[in-house]
Amino acid sequence: MSVFSNINREARFLVKQRYFFALLTIVLLLSVFSVWSGISETNTQLSTIERLQQKDAIDRANVLAKQSDYGSAAYYSFHLTYSAPSAMAFAAMGQRDIYPWKHRIRMLALEGQIYETDSDNPELSFLGRFDFAFLISVLLPLFVILLLHDLRSAEREAGRYDLLIATASKQQRLWLSRASVLCAALAIALLLPFVIGAIIMQAPLVSTLQVIAVTLGHILFWMLLTLWFTASKVAVKQSSAQIASVLLAVWLGVAVLVPVVSDIAIDEMVQSPNGGEIVLTQREGVNDAWDLPFADTWAPFIATHPQWKNNTEMSSQFEWKWYYAFQQVGDQKAAALSTAYRDATLEKNNLAQRFAYISPPMLAQKLLSSIAETDTLAAMKYEQKVRDYHQALRLFYYPLLFGAAELNEAQNNKTKVKKVAFDAKALSKLPSFSTFKNTIHTAKENI
């Protein structure tokens with residue numbers, strides 16, 4: 001009897017099983033809910049970004065209209081930065097509940113701004129969302145176990161096992177055909193809502209196929225594992241409930257214990273500063289500058305910006321160029337900690353990927369987050385994009401704040417600073433955040 005004949009026979013047999021359709025209905029509804037919730041969250045984030053973009057432009061225009069110098073314009077102007085969810089983000093929200101995906105930054109010291117978070121629901125961020133990735137990585141193995149754990153034992157308990165073996169030309173083909181039909185139906189129930197969601201969100205075809213491949217691969221792994229165990233000598237003497245208990249223990253180990261233990265192990269293996277330390281170091285550097293001689297601010301600033309070494313003369317106790325110089329110095333003092341934190345984050349992510357190879361659910365979760373561009377690397381790319389943009393703001397304002405240096409031969413070649421007159425139209429040339437690419441720089445480039 002051919003494989004196709006076996007599959008046809010098993011399909012006709014399963015059509016008559018009410019419990020099977022009940023389970024598939026539940027799976028289908030869960031898949032629909034996960035896709036719907038993902039699309040809803042993605043649309044909410046996109047609408048939030050669109051609304052903030054409009055308000056950001058209006059707010060900055062109103063603020064700039066009231067200013068009379070570049071220092072005040074830079075101080076009071078906020079600039080929206082954001083990381084828009086990808087078209088595939090509805091399937092896997094990944095780290096977007098943990099890492100911030102929008103900031104309003106000013107040209108002040110950056111470290112104190114970049115580590116601010118805006119989680120709307122800390123409890124939800126801790127537990128994670130019920131999205132399609134959660135359904136595939138965590139719940140899918142349970143569905144496979146529920147469908148296949150009694151594949152052989154149920155026939156033994158019903159007294160039909162010997163008859164089935166006697167009538168089947170190859171018993172392995174019999175069980176494989178039955179398992180394939182069950183898992184194929186499960187795959188359809190899981191993937192049909194996802195495919196519809198991908199069409200609605202206009203997700204790239206390649207990404208859609210990648211998610212389907214991860215889903216089918218995860219189903220195949222648990223199908224083969226369950227078939228292997230139910231065919232083993234150990235399972236022959238066990239009841240369906242005992243077989244299910246063993247398989248559930250395996251699922252608990254790889255889906256829960258391995259991720260928890262790996263997180264603890266990674267935290268012990270990789271030491272890193274936390275965001276609070278970075279912010280404290282930066283703020284201490286900024287606050288201390290008010291009580292220090294001007295030279296203590298200018299020296300470290302000029303070390304990194306030698307082009308302004310002849311423009312540090314001050315005619316009063318406060319000038320905007322000095323104010324933004326010690327904001328820059330505050331970031332410079334926290335630069336080593338900030339770089340160490342980012343390097344440690346990337347190292348932890350790499351270690352987590354290695355641990356995922358011993359946990360199929362963890363691996364599936366990471367693969368889906370990577371495809372959806374919602375993983376740790378995507379969050380780090382957004383952070384670097386914000387840093388690049390903030391640096392662009394400084395490069396835009398510094399020439400306006402420090403003025404244009406002109407060499408005066410009549411004064412022993414001393415530099416005379418010519419103050420740049422305020423011109424509101426010049427601010428229309430401020431760099432746009434959307435022009436910056438998502439890149440992760442090396443530690444040296446970050447500093």
# chains A, B, ... in the order shown; residues from 1 in each chain; ligands from 1
>>> residues_around(residues="stretch 282-287 of chain A", least_positions_apart="6", cutoff="10 Å", atoms="only C-alpha atoms", output="PyMOL selection string")
chain A and resi 108-112+276+297+323-335+337-338
>>> write_last_selection(atoms="C-alpha atoms", output="short mmCIF file (atom, residue, chain, number, x, y, z; two decimals), in the first residue's frame")
data_model
loop_
_atom_site.label_atom_id
_atom_site.label_comp_id
_atom_site.auth_asym_id
_atom_site.auth_seq_id
_atom_site.Cartn_x
_atom_site.Cartn_y
_atom_site.Cartn_z
CA LEU A 108 21.34 67.92 26.14
CA ALA A 109 23.48 65.06 27.41
CA LEU A 110 22.16 61.97 25.67
CA GLU A 111 22.75 59.14 28.14
CA GLY A 112 20.15 60.47 30.57
CA GLY A 276 21.12 53.57 36.26
CA THR A 297 34.90 71.86 31.17
CA TYR A 323 26.50 74.90 28.69
CA TYR A 324 26.40 72.47 25.75
CA ALA A 325 30.10 71.78 26.13
CA PHE A 326 29.64 70.39 29.64
CA GLN A 327 26.59 68.45 28.44
CA GLN A 328 28.92 66.82 25.91
CA VAL A 329 31.53 66.21 28.63
CA GLY A 330 28.88 64.49 30.77
CA ASP A 331 28.29 62.02 27.94
CA GLN A 332 32.04 61.57 27.48
CA LYS A 333 32.45 60.64 31.14
CA ALA A 334 29.75 57.97 30.80
CA ALA A 335 30.99 56.77 27.39
CA LEU A 337 30.16 52.56 30.85
CA SER A 338 27.71 53.02 27.98
#
>>> select_by_dssp(residues="stretch 215-354 of chain A", states="alpha helix (DSSP H)", output="count of residues only")
105
>>> atom_distance(atom1="atom CA of A:Trp298", atom2="atom CA of A:Asp69")
21.6 Å
>>> closest_residue(among="A:Leu192, A:Ile243, A:Val236, A:Leu224", to="A:Trp175", atoms="only C-alpha atoms")
A:Leu224
>>> select_by_dssp(residues="stretch 73-302 of chain A", states="strand (DSSP E or B)", output="list in words")
His79, Leu80, Thr81, Tyr82, Lys102, His103, Arg104 and Ile105 of chain A
>>> residues_around(residues="A:Asp59", least_positions_apart="6", cutoff="12 Å", atoms="only C-alpha atoms", output="list in words")
Leu52, Gln53, Ala65, Lys66, Tyr76, Ser77, Phe78, His79, Leu80 and Arg104 of chain A
>>> residues_around(residues="stretch 126-141 of chain A", least_positions_apart="3", cutoff="7 Å", atoms="only C-alpha atoms", output="PyMOL selection string")
chain A and resi 31+34-35+37-38+91-92+122-123+144-145+215+222+255+361-362+364-365+368
>>> closest_residue(among="A:Val27, A:Leu220, A:Leu367, A:Ile114", to="A:Lys385", atoms="only C-alpha atoms")
A:Ile114
>>> atom_distance(atom1="atom CA of A:Leu216", atom2="atom CA of A:Ala185")
11.6 Å
>>> atom_distance(atom1="atom CA of A:Ile371", atom2="atom CA of A:Val211")
7.3 Å
>>> residues_around(residues="A:Glu347", least_positions_apart="2", cutoff="12 Å", atoms="only C-alpha atoms", output="list of chain:residue names")
A:Ile266, A:Asp267, A:Met269, A:Val270, A:Gln271, A:Ser272, A:Ala340, A:Tyr341, A:Arg342, A:Asp343, A:Ala344, A:Thr345, A:Asn349, A:Asn350, A:Leu351, A:Ala352, A:Gln353, A:Arg354, A:Thr376, A:Leu377
>>> closest_residue(among="A:Val254, A:Val260, A:Leu430, A:Gly275", to="A:Leu395", atoms="only C-alpha atoms")
A:Leu430
>>> residues_around(residues="A:Pro204", least_positions_apart="2", cutoff="12 Å", atoms="only C-alpha atoms", output="JSON, numbers by chain")
{"A": [86, 87, 88, 89, 195, 197, 198, 199, 200, 201, 202, 206, 207, 208, 209, 210, 211, 371, 372]}
>>> write_last_selection(atoms="N, CA and C atoms", output="PDB file, in the first residue's frame")
ATOM      1  N   SER A  86       7.975  46.569  11.912  1.00  0.00           N
ATOM      2  CA  SER A  86       8.015  46.042  10.554  1.00  0.00           C
ATOM      3  C   SER A  86       6.654  45.456  10.182  1.00  0.00           C
ATOM      4  N   ALA A  87       6.494  45.145   8.907  1.00  0.00           N
ATOM      5  CA  ALA A  87       5.234  44.551   8.447  1.00  0.00           C
ATOM      6  C   ALA A  87       5.000  43.176   9.055  1.00  0.00           C
ATOM      7  N   MET A  88       6.089  42.521   9.506  1.00  0.00           N
ATOM      8  CA  MET A  88       5.968  41.194  10.094  1.00  0.00           C
ATOM      9  C   MET A  88       5.928  41.242  11.624  1.00  0.00           C
ATOM     10  N   ALA A  89       5.989  42.427  12.201  1.00  0.00           N
ATOM     11  CA  ALA A  89       6.027  42.551  13.662  1.00  0.00           C
ATOM     12  C   ALA A  89       4.761  42.000  14.316  1.00  0.00           C
ATOM     13  N   VAL A 195      -1.258  33.549   7.514  1.00  0.00           N
ATOM     14  CA  VAL A 195      -1.126  33.933   6.105  1.00  0.00           C
ATOM     15  C   VAL A 195      -2.085  35.074   5.778  1.00  0.00           C
ATOM     16  N   GLY A 197      -3.193  37.258   7.895  1.00  0.00           N
ATOM     17  CA  GLY A 197      -2.630  38.434   8.555  1.00  0.00           C
ATOM     18  C   GLY A 197      -1.470  39.017   7.772  1.00  0.00           C
ATOM     19  N   ALA A 198      -0.626  38.165   7.217  1.00  0.00           N
ATOM     20  CA  ALA A 198       0.513  38.641   6.425  1.00  0.00           C
ATOM     21  C   ALA A 198       0.037  39.385   5.183  1.00  0.00           C
ATOM     22  N   ILE A 199      -1.034  38.896   4.580  1.00  0.00           N
ATOM     23  CA  ILE A 199      -1.592  39.572   3.399  1.00  0.00           C
ATOM     24  C   ILE A 199      -2.148  40.937   3.795  1.00  0.00           C
ATOM     25  N   ILE A 200      -2.865  40.981   4.912  1.00  0.00           N
ATOM     26  CA  ILE A 200      -3.448  42.246   5.386  1.00  0.00           C
ATOM     27  C   ILE A 200      -2.355  43.274   5.669  1.00  0.00           C
ATOM     28  N   MET A 201      -1.266  42.826   6.300  1.00  0.00           N
ATOM     29  CA  MET A 201      -0.180  43.735   6.673  1.00  0.00           C
ATOM     30  C   MET A 201       0.824  43.942   5.545  1.00  0.00           C
ATOM     31  N   GLN A 202       0.590  43.303   4.419  1.00  0.00           N
ATOM     32  CA  GLN A 202       1.483  43.416   3.252  1.00  0.00           C
ATOM     33  C   GLN A 202       2.923  43.051   3.624  1.00  0.00           C
ATOM     34  N   VAL A 206       9.184  36.791   1.319  1.00  0.00           N
ATOM     35  CA  VAL A 206      10.304  36.028   1.879  1.00  0.00           C
ATOM     36  C   VAL A 206      10.124  35.841   3.385  1.00  0.00           C
ATOM     37  N   SER A 207       9.771  36.914   4.085  1.00  0.00           N
ATOM     38  CA  SER A 207       9.564  36.825   5.534  1.00  0.00           C
ATOM     39  C   SER A 207       8.407  35.893   5.868  1.00  0.00           C
ATOM     40  N   THR A 208       7.345  35.959   5.072  1.00  0.00           N
ATOM     41  CA  THR A 208       6.186  35.085   5.298  1.00  0.00           C
ATOM     42  C   THR A 208       6.580  33.624   5.139  1.00  0.00           C
ATOM     43  N   LEU A 209       7.336  33.325   4.106  1.00  0.00           N
ATOM     44  CA  LEU A 209       7.781  31.947   3.883  1.00  0.00           C
ATOM     45  C   LEU A 209       8.736  31.493   4.987  1.00  0.00           C
ATOM     46  N   GLN A 210       9.547  32.399   5.486  1.00  0.00           N
ATOM     47  CA  GLN A 210      10.462  32.044   6.574  1.00  0.00           C
ATOM     48  C   GLN A 210       9.692  31.674   7.837  1.00  0.00           C
ATOM     49  N   VAL A 211       8.658  32.429   8.162  1.00  0.00           N
ATOM     50  CA  VAL A 211       7.837  32.110   9.337  1.00  0.00           C
ATOM     51  C   VAL A 211       7.145  30.763   9.147  1.00  0.00           C
ATOM     52  N   ILE A 371      13.157  37.364  12.264  1.00  0.00           N
ATOM     53  CA  ILE A 371      12.461  37.577  10.983  1.00  0.00           C
ATOM     54  C   ILE A 371      11.589  38.831  11.053  1.00  0.00           C
ATOM     55  N   ALA A 372      10.939  39.042  12.205  1.00  0.00           N
ATOM     56  CA  ALA A 372      10.052  40.196  12.376  1.00  0.00           C
ATOM     57  C   ALA A 372      10.810  41.475  12.698  1.00  0.00           C
TER      58      ALA A 372
END
>>> decode(residues="stretch 227-275 of chain A", atoms="N, CA and C atoms", output="PDB file, in the first residue's frame")
ATOM      1  N   LEU A 227       6.931  10.494  17.958  1.00  0.00           N
ATOM      2  CA  LEU A 227       6.919   9.180  17.306  1.00  0.00           C
ATOM      3  C   LEU A 227       8.053   8.301  17.813  1.00  0.00           C
ATOM      4  N   TRP A 228       9.233   8.899  17.972  1.00  0.00           N
ATOM      5  CA  TRP A 228      10.376   8.119  18.461  1.00  0.00           C
ATOM      6  C   TRP A 228      10.120   7.581  19.870  1.00  0.00           C
ATOM      7  N   PHE A 229       9.585   8.436  20.735  1.00  0.00           N
ATOM      8  CA  PHE A 229       9.372   7.984  22.120  1.00  0.00           C
ATOM      9  C   PHE A 229       8.243   6.963  22.206  1.00  0.00           C
ATOM     10  N   THR A 230       7.153   7.190  21.491  1.00  0.00           N
ATOM     11  CA  THR A 230       6.028   6.240  21.571  1.00  0.00           C
ATOM     12  C   THR A 230       6.391   4.885  20.978  1.00  0.00           C
ATOM     13  N   ALA A 231       7.414   4.845  20.123  1.00  0.00           N
ATOM     14  CA  ALA A 231       7.850   3.571  19.542  1.00  0.00           C
ATOM     15  C   ALA A 231       8.936   2.888  20.358  1.00  0.00           C
ATOM     16  N   SER A 232       9.441   3.564  21.373  1.00  0.00           N
ATOM     17  CA  SER A 232      10.531   3.017  22.172  1.00  0.00           C
ATOM     18  C   SER A 232      10.033   1.889  23.077  1.00  0.00           C
ATOM     19  N   LYS A 233      10.967   1.089  23.561  1.00  0.00           N
ATOM     20  CA  LYS A 233      10.636  -0.023  24.450  1.00  0.00           C
ATOM     21  C   LYS A 233      10.064   0.469  25.775  1.00  0.00           C
ATOM     22  N   VAL A 234      10.483   1.635  26.184  1.00  0.00           N
ATOM     23  CA  VAL A 234       9.985   2.194  27.452  1.00  0.00           C
ATOM     24  C   VAL A 234       8.492   2.474  27.360  1.00  0.00           C
ATOM     25  N   ALA A 235       8.053   3.001  26.204  1.00  0.00           N
ATOM     26  CA  ALA A 235       6.654   3.398  26.066  1.00  0.00           C
ATOM     27  C   ALA A 235       5.718   2.224  25.855  1.00  0.00           C
ATOM     28  N   VAL A 236       6.242   1.069  25.464  1.00  0.00           N
ATOM     29  CA  VAL A 236       5.392  -0.088  25.185  1.00  0.00           C
ATOM     30  C   VAL A 236       4.596  -0.502  26.415  1.00  0.00           C
ATOM     31  N   LYS A 237       5.198  -0.408  27.583  1.00  0.00           N
ATOM     32  CA  LYS A 237       4.551  -0.848  28.814  1.00  0.00           C
ATOM     33  C   LYS A 237       3.834   0.281  29.547  1.00  0.00           C
ATOM     34  N   GLN A 238       3.797   1.452  28.952  1.00  0.00           N
ATOM     35  CA  GLN A 238       3.178   2.592  29.621  1.00  0.00           C
ATOM     36  C   GLN A 238       1.810   2.906  29.024  1.00  0.00           C
ATOM     37  N   SER A 239       0.965   3.495  29.863  1.00  0.00           N
ATOM     38  CA  SER A 239      -0.358   3.913  29.395  1.00  0.00           C
ATOM     39  C   SER A 239      -0.242   5.248  28.665  1.00  0.00           C
ATOM     40  N   SER A 240      -1.347   5.653  28.056  1.00  0.00           N
ATOM     41  CA  SER A 240      -1.358   6.932  27.342  1.00  0.00           C
ATOM     42  C   SER A 240      -1.061   8.096  28.281  1.00  0.00           C
ATOM     43  N   ALA A 241      -1.612   8.042  29.482  1.00  0.00           N
ATOM     44  CA  ALA A 241      -1.386   9.117  30.454  1.00  0.00           C
ATOM     45  C   ALA A 241       0.076   9.190  30.865  1.00  0.00           C
ATOM     46  N   GLN A 242       0.719   8.042  31.045  1.00  0.00           N
ATOM     47  CA  GLN A 242       2.132   8.023  31.431  1.00  0.00           C
ATOM     48  C   GLN A 242       3.020   8.556  30.309  1.00  0.00           C
ATOM     49  N   ILE A 243       2.707   8.187  29.076  1.00  0.00           N
ATOM     50  CA  ILE A 243       3.458   8.689  27.925  1.00  0.00           C
ATOM     51  C   ILE A 243       3.317  10.209  27.824  1.00  0.00           C
ATOM     52  N   ALA A 244       2.081  10.680  27.995  1.00  0.00           N
ATOM     53  CA  ALA A 244       1.843  12.124  27.940  1.00  0.00           C
ATOM     54  C   ALA A 244       2.623  12.845  29.033  1.00  0.00           C
ATOM     55  N   SER A 245       2.698  12.248  30.224  1.00  0.00           N
ATOM     56  CA  SER A 245       3.419  12.870  31.341  1.00  0.00           C
ATOM     57  C   SER A 245       4.905  13.012  31.025  1.00  0.00           C
ATOM     58  N   VAL A 246       5.481  11.991  30.423  1.00  0.00           N
ATOM     59  CA  VAL A 246       6.908  12.054  30.075  1.00  0.00           C
ATOM     60  C   VAL A 246       7.157  13.128  29.027  1.00  0.00           C
ATOM     61  N   LEU A 247       6.311  13.152  28.013  1.00  0.00           N
ATOM     62  CA  LEU A 247       6.489  14.148  26.950  1.00  0.00           C
ATOM     63  C   LEU A 247       6.270  15.571  27.470  1.00  0.00           C
ATOM     64  N   LEU A 248       5.314  15.745  28.378  1.00  0.00           N
ATOM     65  CA  LEU A 248       5.083  17.064  28.976  1.00  0.00           C
ATOM     66  C   LEU A 248       6.272  17.487  29.830  1.00  0.00           C
ATOM     67  N   ALA A 249       6.906  16.516  30.475  1.00  0.00           N
ATOM     68  CA  ALA A 249       8.106  16.824  31.260  1.00  0.00           C
ATOM     69  C   ALA A 249       9.235  17.305  30.352  1.00  0.00           C
ATOM     70  N   VAL A 250       9.357  16.672  29.182  1.00  0.00           N
ATOM     71  CA  VAL A 250      10.360  17.120  28.209  1.00  0.00           C
ATOM     72  C   VAL A 250      10.053  18.539  27.750  1.00  0.00           C
ATOM     73  N   TRP A 251       8.768  18.790  27.448  1.00  0.00           N
ATOM     74  CA  TRP A 251       8.360  20.134  27.027  1.00  0.00           C
ATOM     75  C   TRP A 251       8.654  21.155  28.127  1.00  0.00           C
ATOM     76  N   LEU A 252       8.339  20.824  29.360  1.00  0.00           N
ATOM     77  CA  LEU A 252       8.589  21.737  30.473  1.00  0.00           C
ATOM     78  C   LEU A 252      10.080  22.049  30.595  1.00  0.00           C
ATOM     79  N   GLY A 253      10.891  21.026  30.382  1.00  0.00           N
ATOM     80  CA  GLY A 253      12.335  21.231  30.493  1.00  0.00           C
ATOM     81  C   GLY A 253      12.884  22.177  29.440  1.00  0.00           C
ATOM     82  N   VAL A 254      12.510  21.964  28.169  1.00  0.00           N
ATOM     83  CA  VAL A 254      13.090  22.767  27.092  1.00  0.00           C
ATOM     84  C   VAL A 254      12.379  24.097  26.885  1.00  0.00           C
ATOM     85  N   ALA A 255      11.103  24.177  27.279  1.00  0.00           N
ATOM     86  CA  ALA A 255      10.342  25.410  27.055  1.00  0.00           C
ATOM     87  C   ALA A 255      10.400  26.367  28.232  1.00  0.00           C
ATOM     88  N   VAL A 256      10.642  25.849  29.424  1.00  0.00           N
ATOM     89  CA  VAL A 256      10.629  26.690  30.621  1.00  0.00           C
ATOM     90  C   VAL A 256      11.972  26.663  31.359  1.00  0.00           C
ATOM     91  N   LEU A 257      12.423  25.473  31.709  1.00  0.00           N
ATOM     92  CA  LEU A 257      13.623  25.375  32.535  1.00  0.00           C
ATOM     93  C   LEU A 257      14.880  25.861  31.814  1.00  0.00           C
ATOM     94  N   VAL A 258      15.068  25.434  30.569  1.00  0.00           N
ATOM     95  CA  VAL A 258      16.273  25.853  29.840  1.00  0.00           C
ATOM     96  C   VAL A 258      16.338  27.371  29.678  1.00  0.00           C
ATOM     97  N   PRO A 259      15.262  28.052  29.255  1.00  0.00           N
ATOM     98  CA  PRO A 259      15.329  29.522  29.164  1.00  0.00           C
ATOM     99  C   PRO A 259      15.617  30.201  30.493  1.00  0.00           C
ATOM    100  N   VAL A 260      14.978  29.710  31.568  1.00  0.00           N
ATOM    101  CA  VAL A 260      15.194  30.326  32.884  1.00  0.00           C
ATOM    102  C   VAL A 260      16.629  30.123  33.348  1.00  0.00           C
ATOM    103  N   VAL A 261      17.102  28.894  33.257  1.00  0.00           N
ATOM    104  CA  VAL A 261      18.467  28.592  33.684  1.00  0.00           C
ATOM    105  C   VAL A 261      19.480  29.326  32.810  1.00  0.00           C
ATOM    106  N   SER A 262      19.224  29.409  31.511  1.00  0.00           N
ATOM    107  CA  SER A 262      20.155  30.097  30.622  1.00  0.00           C
ATOM    108  C   SER A 262      20.231  31.582  30.941  1.00  0.00           C
ATOM    109  N   ASP A 263      19.098  32.191  31.299  1.00  0.00           N
ATOM    110  CA  ASP A 263      19.112  33.607  31.674  1.00  0.00           C
ATOM    111  C   ASP A 263      19.972  33.833  32.912  1.00  0.00           C
ATOM    112  N   ILE A 264      19.807  32.957  33.893  1.00  0.00           N
ATOM    113  CA  ILE A 264      20.597  33.080  35.117  1.00  0.00           C
ATOM    114  C   ILE A 264      22.076  32.870  34.820  1.00  0.00           C
ATOM    115  N   ALA A 265      22.370  31.858  34.010  1.00  0.00           N
ATOM    116  CA  ALA A 265      23.764  31.556  33.676  1.00  0.00           C
ATOM    117  C   ALA A 265      24.401  32.702  32.894  1.00  0.00           C
ATOM    118  N   ILE A 266      23.665  33.277  31.958  1.00  0.00           N
ATOM    119  CA  ILE A 266      24.201  34.368  31.137  1.00  0.00           C
ATOM    120  C   ILE A 266      24.487  35.597  31.994  1.00  0.00           C
ATOM    121  N   ASP A 267      23.577  35.887  32.936  1.00  0.00           N
ATOM    122  CA  ASP A 267      23.801  37.023  33.829  1.00  0.00           C
ATOM    123  C   ASP A 267      25.048  36.836  34.683  1.00  0.00           C
ATOM    124  N   GLU A 268      25.330  35.589  35.050  1.00  0.00           N
ATOM    125  CA  GLU A 268      26.531  35.307  35.830  1.00  0.00           C
ATOM    126  C   GLU A 268      27.783  35.345  34.960  1.00  0.00           C
ATOM    127  N   MET A 269      27.655  34.936  33.718  1.00  0.00           N
ATOM    128  CA  MET A 269      28.804  34.871  32.819  1.00  0.00           C
ATOM    129  C   MET A 269      29.222  36.242  32.287  1.00  0.00           C
ATOM    130  N   VAL A 270      28.247  37.123  32.100  1.00  0.00           N
ATOM    131  CA  VAL A 270      28.528  38.439  31.509  1.00  0.00           C
ATOM    132  C   VAL A 270      28.204  39.520  32.528  1.00  0.00           C
ATOM    133  N   GLN A 271      29.217  40.206  32.975  1.00  0.00           N
ATOM    134  CA  GLN A 271      29.038  41.308  33.905  1.00  0.00           C
ATOM    135  C   GLN A 271      28.932  42.612  33.117  1.00  0.00           C
ATOM    136  N   SER A 272      27.981  43.425  33.502  1.00  0.00           N
ATOM    137  CA  SER A 272      27.822  44.696  32.788  1.00  0.00           C
ATOM    138  C   SER A 272      27.220  45.735  33.723  1.00  0.00           C
ATOM    139  N   PRO A 273      27.516  47.027  33.457  1.00  0.00           N
ATOM    140  CA  PRO A 273      26.856  48.090  34.220  1.00  0.00           C
ATOM    141  C   PRO A 273      25.389  48.150  33.837  1.00  0.00           C
ATOM    142  N   ASN A 274      24.585  48.791  34.661  1.00  0.00           N
ATOM    143  CA  ASN A 274      23.180  48.952  34.306  1.00  0.00           C
ATOM    144  C   ASN A 274      22.911  50.389  33.878  1.00  0.00           C
ATOM    145  N   GLY A 275      21.727  50.605  33.338  1.00  0.00           N
ATOM    146  CA  GLY A 275      21.384  51.928  32.844  1.00  0.00           C
ATOM    147  C   GLY A 275      21.439  52.991  33.920  1.00  0.00           C
TER     148      GLY A 275
END
